[in-house]
Number of protein chains: 2
Amino acid sequence: MTAISTPVDNGVDIDFLREAREALGAEPAGAQFQWRVTNTWVRGTHSQTTAQGFFGLGEEQDRPRTFHFDADHPELFSAEDQGASPTEIVLVALASCLTAGVATVAQNRDIQLRSVTATLEGDMDVRGVLGVDSDVRNGYSNIRVTYSIDADASREDIEALVAQSQKRSAVYDIVTNPTNVAVEVA
Amino acid sequence: MTAISTPVDNGVDIDFLREAREALGAEPAGAQFQWRVTNTWVRGTHSQTTAQGFFGLGEEQDRPRTFHFDADHPELFSAEDQGASPTEIVLVALASCLTAGVATVAQNRDIQLRSVTATLEGDMDVRGVLGVDSDVRNGYSNIRVTYSIDADASREDIEALVAQSQKRSAVYDIVTNPTNVAVEVA
């Protein structure tokens with residue numbers, strides 16, 4: 001009878017995203033989002049953070065679940081290693097944003113992904129955070145992200161996929177460009 | 001007999017940090033750290049990231065445990081909400097870095113903390129990530145961090161504590177200043 005074709009399925013609802021893009025282009029007010037977390041100190045450098053609700057599409061969005069994170073410094077700094085370091089958590093955010101983008105762009109381009117892994121390395125001279133030398137920055141001097149992708153596509157197409165994900169990534173933008181942060185005491 | 005004095009104890013080993021500061025000032029090679037994570041795509045916008053070893057003090061540092069993170073996009077974007085959004089995870093990193101700094105600076109200044117909480121809000125116009133308008137940035141336009149701190153100190157001292165934490169925070173630096181990120185396909 002008819003030939004069976006397997007549609008590309010990376011688990012991304014690309015029709016929804018195309019409609020959202022059109023709808024929010026026409027109604028920019030709905031595109032104003034606010035993401036939030038609450039952080040509580042436990043002891044030493046250990047703290048816990050939760051993410052639950054956010055604001056978007058013009059209203060409060062209550063999620064059915066709450067996400068919990070522990071953060072701490074490693075034993076190397078005489079801390080208790082009760083969670084990943086904040087500097088590692090930045091890499092988690094960057095990795096997960098770029099990978100979500102790879103899957104989304106692949107769906108948009110009809111590329112079936114089989115596996116995607118990334119390793120991230122961030123170089124930091126800790127003389128900055130320790131206040132040894134004010135010429136040394138506190139943050140990363142360099143971050144390297146290396147993708148291994150198995151997909152139904154040429155190497156050239158895979159490279160273009162990763163490049164497009166970078167171009168649309170919120171966290172890549174936050175890390176590579178300056179972002180305003182206002183810190184105050186209530 | 002003698003009066004009992006309760007030493008300030010926020011759970012931070014400040015003597016160790018003072019010694020580390022001195023030692024790494026004398027031996028800058030040991031201060032070159034590399035933090036790492038590995039990210040694996042699951043399906044759709046869901047991925048998992050692990051943090052385990054890192055490099056520091058001139059050698060590989062194997063941690064006794066591995067930290068796991070799930071990230072995803074919320075149901076609002078027709079995703080499965082299997083983890084916090086990457087944009088929320090950036091706020092987790094920022095919050096936990098600043099709070100670790102508050103505890104450390106408090107210990108250094110002999111200020112006993114009783115409780116520390118912070119709420120973070122990040123404003124994002126999602127027309128950026130959706131590619132609706134190339135004049136809209138992908139990342140946060142603004143992040144607000146608000147601390148509530150109960151401590152054995154004046155309001156002025158508490159504000160100075162938070163200001164000093166900002167000044168020495170790795171993640172605050174990464175978010176507020178540009179950081180090089182190189183992304184490639186292996």
# chains A, B, ... in the order shown; residues from 1 in each chain; ligands from 1
call {"tool": "select_by_dssp", "arguments": {"residues": "chain A", "states": "strand (DSSP E)", "output": "ChimeraX atom specification"}}
result
/A:32-43,46-51,54-56,59-61,67-71,113-125,142-151,180-185
call {"tool": "write_last_selection", "arguments": {"atoms": "C-alpha atoms", "output": "CSV table (one decimal), in the first residue's frame"}}
result
chain,number,residue,atom,x,y,z
A,32,GLN,CA,6.9,39.2,29.6
A,33,PHE,CA,8.0,36.4,32.0
A,34,GLN,CA,9.3,36.5,35.5
A,35,TRP,CA,11.3,33.5,36.8
A,36,ARG,CA,11.8,33.2,40.6
A,37,VAL,CA,13.6,31.2,43.2
A,38,THR,CA,13.8,31.3,47.0
A,39,ASN,CA,17.0,30.6,48.8
A,40,THR,CA,17.5,29.7,52.4
A,41,TRP,CA,20.8,29.5,54.2
A,42,VAL,CA,21.4,26.2,56.1
A,43,ARG,CA,24.9,26.4,57.7
A,46,HIS,CA,25.3,25.2,52.4
A,47,SER,CA,22.0,26.7,51.2
A,48,GLN,CA,18.8,25.3,49.7
A,49,THR,CA,16.9,26.9,46.9
A,50,THR,CA,13.5,26.1,45.5
A,51,ALA,CA,11.8,27.0,42.2
A,54,PHE,CA,6.6,32.0,37.7
A,55,PHE,CA,4.8,34.7,35.8
A,56,GLY,CA,4.0,34.4,32.1
A,59,GLU,CA,-0.7,35.7,34.8
A,60,GLU,CA,0.8,33.8,37.7
A,61,GLN,CA,1.7,30.2,36.7
A,67,PHE,CA,12.2,21.8,42.4
A,68,HIS,CA,14.8,21.7,45.2
A,69,PHE,CA,18.5,22.4,45.0
A,70,ASP,CA,21.3,22.1,47.5
A,71,ALA,CA,24.5,24.0,47.0
A,113,LEU,CA,18.5,13.0,17.3
A,114,ARG,CA,19.7,9.7,18.7
A,115,SER,CA,22.0,10.9,21.5
A,116,VAL,CA,23.3,14.3,22.7
A,117,THR,CA,25.9,14.7,25.4
A,118,ALA,CA,28.0,17.7,26.3
A,119,THR,CA,30.9,18.2,28.6
A,120,LEU,CA,31.6,21.6,30.1
A,121,GLU,CA,34.7,23.0,31.6
A,122,GLY,CA,35.1,26.3,33.3
A,123,ASP,CA,38.5,27.8,34.2
A,124,MET,CA,38.6,29.9,37.4
A,125,ASP,CA,41.5,31.4,39.2
A,142,ASN,CA,36.8,30.7,30.0
A,143,ILE,CA,34.1,28.1,29.5
A,144,ARG,CA,34.3,25.3,26.9
A,145,VAL,CA,31.3,23.3,25.9
A,146,THR,CA,31.9,20.2,23.7
A,147,TYR,CA,29.0,18.4,22.1
A,148,SER,CA,28.9,14.8,20.9
A,149,ILE,CA,25.8,14.3,18.9
A,150,ASP,CA,24.5,11.2,17.1
A,151,ALA,CA,21.8,12.3,14.7
A,180,ASN,CA,21.8,43.8,35.5
A,181,VAL,CA,21.6,42.4,39.0
A,182,ALA,CA,20.3,44.5,41.8
A,183,VAL,CA,21.0,43.1,45.3
A,184,GLU,CA,19.3,44.6,48.3
A,185,VAL,CA,18.4,44.0,51.9
call {"tool": "residues_around", "arguments": {"residues": "range 85-89 of chain B", "least_positions_apart": "2", "cutoff": "6 Å", "atoms": "only C-alpha atoms", "output": "ChimeraX atom specification"}}
result
/A:93,96-97 /B:71-73,91-92
call {"tool": "residues_around", "arguments": {"residues": "range 126-136 of chain B", "least_positions_apart": "4", "cutoff": "8 Å", "atoms": "only C-alpha atoms", "output": "list in words"}}
result
Leu17, Arg21, Glu22, Leu24, Gly25, Pro28, Ala31, Gln32, Phe33, Arg168, Ser169 and Ala170 of chain A
call {"tool": "calpha_fit_and_write", "arguments": {"fixed": "chain B", "moving": "chain A", "output": "PDB file with C-alpha atoms, in the first residue's frame"}}
result
ATOM      1  CA  MET A   1      35.027  32.091  87.553  1.00  0.00           C
ATOM      2  CA  THR A   2      35.555  33.397  84.005  1.00  0.00           C
ATOM      3  CA  ALA A   3      32.658  34.751  81.962  1.00  0.00           C
ATOM      4  CA  ILE A   4      31.338  32.408  79.266  1.00  0.00           C
ATOM      5  CA  SER A   5      31.567  33.872  75.791  1.00  0.00           C
ATOM      6  CA  THR A   6      29.865  32.174  72.871  1.00  0.00           C
ATOM      7  CA  PRO A   7      32.106  32.431  69.825  1.00  0.00           C
ATOM      8  CA  VAL A   8      30.471  33.391  66.545  1.00  0.00           C
ATOM      9  CA  ASP A   9      29.795  30.198  64.603  1.00  0.00           C
ATOM     10  CA  ASN A  10      28.179  30.310  61.191  1.00  0.00           C
ATOM     11  CA  GLY A  11      29.699  26.957  60.224  1.00  0.00           C
ATOM     12  CA  VAL A  12      32.450  28.564  58.137  1.00  0.00           C
ATOM     13  CA  ASP A  13      36.071  27.577  58.771  1.00  0.00           C
ATOM     14  CA  ILE A  14      37.446  31.074  58.465  1.00  0.00           C
ATOM     15  CA  ASP A  15      40.922  30.179  59.741  1.00  0.00           C
ATOM     16  CA  PHE A  16      41.261  27.676  56.915  1.00  0.00           C
ATOM     17  CA  LEU A  17      40.151  30.277  54.360  1.00  0.00           C
ATOM     18  CA  ARG A  18      42.605  32.846  55.706  1.00  0.00           C
ATOM     19  CA  GLU A  19      45.409  30.290  55.418  1.00  0.00           C
ATOM     20  CA  ALA A  20      44.297  29.290  51.908  1.00  0.00           C
ATOM     21  CA  ARG A  21      44.301  32.924  50.900  1.00  0.00           C
ATOM     22  CA  GLU A  22      47.850  33.317  52.101  1.00  0.00           C
ATOM     23  CA  ALA A  23      49.066  30.020  50.633  1.00  0.00           C
ATOM     24  CA  LEU A  24      47.522  30.623  47.201  1.00  0.00           C
ATOM     25  CA  GLY A  25      48.817  34.194  47.182  1.00  0.00           C
ATOM     26  CA  ALA A  26      52.309  32.695  47.482  1.00  0.00           C
ATOM     27  CA  GLU A  27      51.571  29.806  45.046  1.00  0.00           C
ATOM     28  CA  PRO A  28      49.235  31.071  42.302  1.00  0.00           C
ATOM     29  CA  ALA A  29      49.525  27.812  40.324  1.00  0.00           C
ATOM     30  CA  GLY A  30      47.427  26.025  42.969  1.00  0.00           C
ATOM     31  CA  ALA A  31      44.659  28.605  42.515  1.00  0.00           C
ATOM     32  CA  GLN A  32      43.949  27.532  38.920  1.00  0.00           C
ATOM     33  CA  PHE A  33      40.697  25.572  39.189  1.00  0.00           C
ATOM     34  CA  GLN A  34      38.583  23.846  36.578  1.00  0.00           C
ATOM     35  CA  TRP A  35      34.933  23.066  37.327  1.00  0.00           C
ATOM     36  CA  ARG A  36      33.125  20.542  35.134  1.00  0.00           C
ATOM     37  CA  VAL A  37      29.748  19.055  34.409  1.00  0.00           C
ATOM     38  CA  THR A  38      28.441  16.452  31.966  1.00  0.00           C
ATOM     39  CA  ASN A  39      25.049  16.864  30.348  1.00  0.00           C
ATOM     40  CA  THR A  40      22.930  14.191  28.631  1.00  0.00           C
ATOM     41  CA  TRP A  41      19.807  14.798  26.606  1.00  0.00           C
ATOM     42  CA  VAL A  42      16.815  12.685  27.681  1.00  0.00           C
ATOM     43  CA  ARG A  43      13.924  13.701  25.419  1.00  0.00           C
ATOM     44  CA  GLY A  44      12.375  16.964  24.285  1.00  0.00           C
ATOM     45  CA  THR A  45      13.796  19.789  26.385  1.00  0.00           C
ATOM     46  CA  HIS A  46      14.583  17.436  29.295  1.00  0.00           C
ATOM     47  CA  SER A  47      18.250  16.789  30.072  1.00  0.00           C
ATOM     48  CA  GLN A  48      20.265  15.522  33.022  1.00  0.00           C
ATOM     49  CA  THR A  49      23.523  16.965  34.247  1.00  0.00           C
ATOM     50  CA  THR A  50      26.030  15.600  36.723  1.00  0.00           C
ATOM     51  CA  ALA A  51      28.836  17.293  38.627  1.00  0.00           C
ATOM     52  CA  GLN A  52      31.535  15.208  40.249  1.00  0.00           C
ATOM     53  CA  GLY A  53      35.276  15.799  39.940  1.00  0.00           C
ATOM     54  CA  PHE A  54      37.127  19.050  39.449  1.00  0.00           C
ATOM     55  CA  PHE A  55      40.704  20.237  39.201  1.00  0.00           C
ATOM     56  CA  GLY A  56      42.317  22.406  41.862  1.00  0.00           C
ATOM     57  CA  LEU A  57      45.388  22.785  44.074  1.00  0.00           C
ATOM     58  CA  GLY A  58      47.418  21.387  41.181  1.00  0.00           C
ATOM     59  CA  GLU A  59      45.608  18.058  40.904  1.00  0.00           C
ATOM     60  CA  GLU A  60      42.411  16.193  40.076  1.00  0.00           C
ATOM     61  CA  GLN A  61      39.950  16.286  42.956  1.00  0.00           C
ATOM     62  CA  ASP A  62      37.650  13.305  43.209  1.00  0.00           C
ATOM     63  CA  ARG A  63      34.557  14.011  45.242  1.00  0.00           C
ATOM     64  CA  PRO A  64      32.989  11.175  47.208  1.00  0.00           C
ATOM     65  CA  ARG A  65      29.603  11.980  45.661  1.00  0.00           C
ATOM     66  CA  THR A  66      28.022  12.983  42.365  1.00  0.00           C
ATOM     67  CA  PHE A  67      25.393  15.689  42.126  1.00  0.00           C
ATOM     68  CA  HIS A  68      22.486  15.205  39.689  1.00  0.00           C
ATOM     69  CA  PHE A  69      20.272  17.811  38.082  1.00  0.00           C
ATOM     70  CA  ASP A  70      17.224  17.517  35.868  1.00  0.00           C
ATOM     71  CA  ALA A  71      16.249  20.451  33.689  1.00  0.00           C
ATOM     72  CA  ASP A  72      13.302  20.926  31.368  1.00  0.00           C
ATOM     73  CA  HIS A  73      10.862  23.560  30.170  1.00  0.00           C
ATOM     74  CA  PRO A  74       7.479  24.000  31.892  1.00  0.00           C
ATOM     75  CA  GLU A  75       4.168  22.637  30.604  1.00  0.00           C
ATOM     76  CA  LEU A  76       3.256  26.149  29.543  1.00  0.00           C
ATOM     77  CA  PHE A  77       5.608  25.633  26.575  1.00  0.00           C
ATOM     78  CA  SER A  78       4.094  22.204  25.883  1.00  0.00           C
ATOM     79  CA  ALA A  79       7.109  20.578  27.539  1.00  0.00           C
ATOM     80  CA  GLU A  80       7.047  18.016  30.364  1.00  0.00           C
ATOM     81  CA  ASP A  81       8.377  20.019  33.327  1.00  0.00           C
ATOM     82  CA  GLN A  82      10.702  17.199  34.415  1.00  0.00           C
ATOM     83  CA  GLY A  83      13.028  19.705  36.080  1.00  0.00           C
ATOM     84  CA  ALA A  84      13.538  23.391  36.681  1.00  0.00           C
ATOM     85  CA  SER A  85      14.083  25.646  33.681  1.00  0.00           C
ATOM     86  CA  PRO A  86      17.678  26.520  32.800  1.00  0.00           C
ATOM     87  CA  THR A  87      16.789  30.163  33.483  1.00  0.00           C
ATOM     88  CA  GLU A  88      15.681  29.241  37.013  1.00  0.00           C
ATOM     89  CA  ILE A  89      18.882  27.252  37.516  1.00  0.00           C
ATOM     90  CA  VAL A  90      20.929  30.398  36.774  1.00  0.00           C
ATOM     91  CA  LEU A  91      19.055  32.064  39.654  1.00  0.00           C
ATOM     92  CA  VAL A  92      19.822  29.042  41.883  1.00  0.00           C
ATOM     93  CA  ALA A  93      23.533  29.477  41.147  1.00  0.00           C
ATOM     94  CA  LEU A  94      23.431  33.210  41.820  1.00  0.00           C
ATOM     95  CA  ALA A  95      21.446  32.853  45.055  1.00  0.00           C
ATOM     96  CA  SER A  96      23.610  30.084  46.478  1.00  0.00           C
ATOM     97  CA  CYS A  97      26.845  31.884  45.637  1.00  0.00           C
ATOM     98  CA  LEU A  98      25.744  35.131  47.286  1.00  0.00           C
ATOM     99  CA  THR A  99      24.403  33.323  50.369  1.00  0.00           C
ATOM    100  CA  ALA A 100      27.617  31.310  50.828  1.00  0.00           C
ATOM    101  CA  GLY A 101      29.401  34.645  50.639  1.00  0.00           C
ATOM    102  CA  VAL A 102      27.130  36.231  53.249  1.00  0.00           C
ATOM    103  CA  ALA A 103      27.928  33.401  55.693  1.00  0.00           C
ATOM    104  CA  THR A 104      31.651  33.596  54.976  1.00  0.00           C
ATOM    105  CA  VAL A 105      31.900  37.374  55.296  1.00  0.00           C
ATOM    106  CA  ALA A 106      29.769  37.270  58.471  1.00  0.00           C
ATOM    107  CA  GLN A 107      32.194  34.749  59.996  1.00  0.00           C
ATOM    108  CA  ASN A 108      35.120  36.926  58.971  1.00  0.00           C
ATOM    109  CA  ARG A 109      33.486  39.947  60.624  1.00  0.00           C
ATOM    110  CA  ASP A 110      32.380  38.117  63.793  1.00  0.00           C
ATOM    111  CA  ILE A 111      28.696  38.500  63.014  1.00  0.00           C
ATOM    112  CA  GLN A 112      26.438  35.677  64.165  1.00  0.00           C
ATOM    113  CA  LEU A 113      23.758  34.877  61.586  1.00  0.00           C
ATOM    114  CA  ARG A 114      20.403  33.527  62.749  1.00  0.00           C
ATOM    115  CA  SER A 115      18.608  33.265  59.415  1.00  0.00           C
ATOM    116  CA  VAL A 116      19.224  34.295  55.829  1.00  0.00           C
ATOM    117  CA  THR A 117      16.702  34.050  53.024  1.00  0.00           C
ATOM    118  CA  ALA A 118      16.725  35.565  49.567  1.00  0.00           C
ATOM    119  CA  THR A 119      14.114  35.854  46.871  1.00  0.00           C
ATOM    120  CA  LEU A 120      15.248  36.274  43.286  1.00  0.00           C
ATOM    121  CA  GLU A 121      13.223  37.505  40.338  1.00  0.00           C
ATOM    122  CA  GLY A 122      14.451  37.610  36.768  1.00  0.00           C
ATOM    123  CA  ASP A 123      12.580  39.450  34.020  1.00  0.00           C
ATOM    124  CA  MET A 124      12.661  37.934  30.563  1.00  0.00           C
ATOM    125  CA  ASP A 125      10.882  38.831  27.364  1.00  0.00           C
ATOM    126  CA  VAL A 126      10.497  35.402  25.742  1.00  0.00           C
ATOM    127  CA  ARG A 127      10.188  36.943  22.295  1.00  0.00           C
ATOM    128  CA  GLY A 128      13.994  36.729  22.349  1.00  0.00           C
ATOM    129  CA  VAL A 129      14.326  32.953  22.718  1.00  0.00           C
ATOM    130  CA  LEU A 130      11.368  32.362  20.404  1.00  0.00           C
ATOM    131  CA  GLY A 131      13.088  34.407  17.700  1.00  0.00           C
ATOM    132  CA  VAL A 132      10.145  36.808  17.307  1.00  0.00           C
ATOM    133  CA  ASP A 133      12.235  39.970  17.464  1.00  0.00           C
ATOM    134  CA  SER A 134      16.014  40.076  17.130  1.00  0.00           C
ATOM    135  CA  ASP A 135      16.121  43.344  19.110  1.00  0.00           C
ATOM    136  CA  VAL A 136      14.899  41.491  22.205  1.00  0.00           C
ATOM    137  CA  ARG A 137      17.698  39.763  24.108  1.00  0.00           C
ATOM    138  CA  ASN A 138      17.409  36.058  24.925  1.00  0.00           C
ATOM    139  CA  GLY A 139      18.475  36.390  28.548  1.00  0.00           C
ATOM    140  CA  TYR A 140      17.279  38.361  31.534  1.00  0.00           C
ATOM    141  CA  SER A 141      16.772  42.096  31.206  1.00  0.00           C
ATOM    142  CA  ASN A 142      16.965  42.459  35.005  1.00  0.00           C
ATOM    143  CA  ILE A 143      17.508  40.303  38.054  1.00  0.00           C
ATOM    144  CA  ARG A 144      16.514  41.421  41.568  1.00  0.00           C
ATOM    145  CA  VAL A 145      17.870  39.735  44.683  1.00  0.00           C
ATOM    146  CA  THR A 146      16.234  40.646  48.007  1.00  0.00           C
ATOM    147  CA  TYR A 147      17.751  39.441  51.264  1.00  0.00           C
ATOM    148  CA  SER A 148      16.048  39.059  54.652  1.00  0.00           C
ATOM    149  CA  ILE A 149      18.719  38.559  57.265  1.00  0.00           C
ATOM    150  CA  ASP A 150      18.359  38.077  60.993  1.00  0.00           C
ATOM    151  CA  ALA A 151      21.770  38.554  62.592  1.00  0.00           C
ATOM    152  CA  ASP A 152      23.540  39.910  65.578  1.00  0.00           C
ATOM    153  CA  ALA A 153      24.370  43.163  63.749  1.00  0.00           C
ATOM    154  CA  SER A 154      22.996  46.576  62.794  1.00  0.00           C
ATOM    155  CA  ARG A 155      21.149  47.096  59.547  1.00  0.00           C
ATOM    156  CA  GLU A 156      24.156  49.009  58.295  1.00  0.00           C
ATOM    157  CA  ASP A 157      26.473  46.082  59.058  1.00  0.00           C
ATOM    158  CA  ILE A 158      24.070  43.664  57.374  1.00  0.00           C
ATOM    159  CA  GLU A 159      23.966  45.818  54.257  1.00  0.00           C
ATOM    160  CA  ALA A 160      27.770  45.940  54.237  1.00  0.00           C
ATOM    161  CA  LEU A 161      27.846  42.144  54.571  1.00  0.00           C
ATOM    162  CA  VAL A 162      25.682  41.694  51.500  1.00  0.00           C
ATOM    163  CA  ALA A 163      27.695  44.261  49.556  1.00  0.00           C
ATOM    164  CA  GLN A 164      30.951  42.468  50.376  1.00  0.00           C
ATOM    165  CA  SER A 165      29.467  39.117  49.341  1.00  0.00           C
ATOM    166  CA  GLN A 166      28.553  40.617  45.950  1.00  0.00           C
ATOM    167  CA  LYS A 167      32.059  41.945  45.588  1.00  0.00           C
ATOM    168  CA  ARG A 168      33.592  38.472  46.010  1.00  0.00           C
ATOM    169  CA  SER A 169      30.936  36.351  44.314  1.00  0.00           C
ATOM    170  CA  ALA A 170      31.979  34.202  41.350  1.00  0.00           C
ATOM    171  CA  VAL A 171      28.446  33.846  39.981  1.00  0.00           C
ATOM    172  CA  TYR A 172      27.537  37.509  40.455  1.00  0.00           C
ATOM    173  CA  ASP A 173      30.632  38.297  38.373  1.00  0.00           C
ATOM    174  CA  ILE A 174      29.737  35.697  35.707  1.00  0.00           C
ATOM    175  CA  VAL A 175      26.198  37.050  35.354  1.00  0.00           C
ATOM    176  CA  THR A 176      26.960  40.776  35.480  1.00  0.00           C
ATOM    177  CA  ASN A 177      30.090  40.719  33.287  1.00  0.00           C
ATOM    178  CA  PRO A 178      30.777  39.080  29.925  1.00  0.00           C
ATOM    179  CA  THR A 179      32.322  35.595  30.111  1.00  0.00           C
ATOM    180  CA  ASN A 180      33.892  33.767  27.168  1.00  0.00           C
ATOM    181  CA  VAL A 181      32.056  30.604  26.155  1.00  0.00           C
ATOM    182  CA  ALA A 182      33.379  28.437  23.301  1.00  0.00           C
ATOM    183  CA  VAL A 183      30.909  25.861  22.008  1.00  0.00           C
ATOM    184  CA  GLU A 184      32.022  23.124  19.647  1.00  0.00           C
ATOM    185  CA  VAL A 185      31.114  19.744  18.261  1.00  0.00           C
ATOM    186  CA  ALA A 186      33.641  16.992  19.062  1.00  0.00           C
TER     187      ALA A 186
END
call {"tool": "select_by_dssp", "arguments": {"residues": "range 17-157 of chain A", "states": "alpha helix (DSSP H)", "output": "PyMOL selection string"}}
result
chain A and resi 17-26+86-108+155-157
call {"tool": "write_last_selection", "arguments": {"atoms": "C-alpha atoms", "output": "short mmCIF file (atom, residue, chain, number, x, y, z; two decimals), in the first residue's frame"}}
result
data_model
loop_
_atom_site.label_atom_id
_atom_site.label_comp_id
_atom_site.auth_asym_id
_atom_site.auth_seq_id
_atom_site.Cartn_x
_atom_site.Cartn_y
_atom_site.Cartn_z
CA LEU A 17 6.18 26.63 19.59
CA ARG A 18 5.49 27.97 16.11
CA GLU A 19 2.01 29.04 17.22
CA ALA A 20 3.38 30.59 20.42
CA ARG A 21 5.90 32.52 18.38
CA GLU A 22 3.16 33.91 16.21
CA ALA A 23 0.78 34.63 19.09
CA LEU A 24 3.40 36.40 21.22
CA GLY A 25 4.61 38.36 18.21
CA ALA A 26 1.07 39.76 17.97
CA PRO A 86 27.39 27.53 42.68
CA THR A 87 30.01 27.69 39.91
CA GLU A 88 29.09 24.15 38.82
CA ILE A 89 25.40 25.06 38.92
CA VAL A 90 26.05 27.87 36.40
CA LEU A 91 27.46 25.19 34.07
CA VAL A 92 24.34 23.04 34.68
CA ALA A 93 22.15 25.96 33.59
CA LEU A 94 24.25 26.63 30.50
CA ALA A 95 24.41 22.96 29.46
CA SER A 96 20.70 22.33 29.91
CA CYS A 97 19.71 25.48 28.04
CA LEU A 98 21.91 24.68 25.05
CA THR A 99 20.78 21.04 24.95
CA ALA A 100 17.08 21.98 25.09
CA GLY A 101 17.85 24.29 22.19
CA VAL A 102 19.59 21.54 20.21
CA ALA A 103 16.50 19.32 20.54
CA THR A 104 14.15 22.15 19.60
CA VAL A 105 16.14 23.30 16.58
CA ALA A 106 16.57 19.68 15.44
CA GLN A 107 12.79 19.20 15.57
CA ASN A 108 12.31 22.43 13.63
CA ARG A 155 28.39 16.92 10.47
CA GLU A 156 27.77 20.27 8.85
CA ASP A 157 24.07 20.15 9.76
#
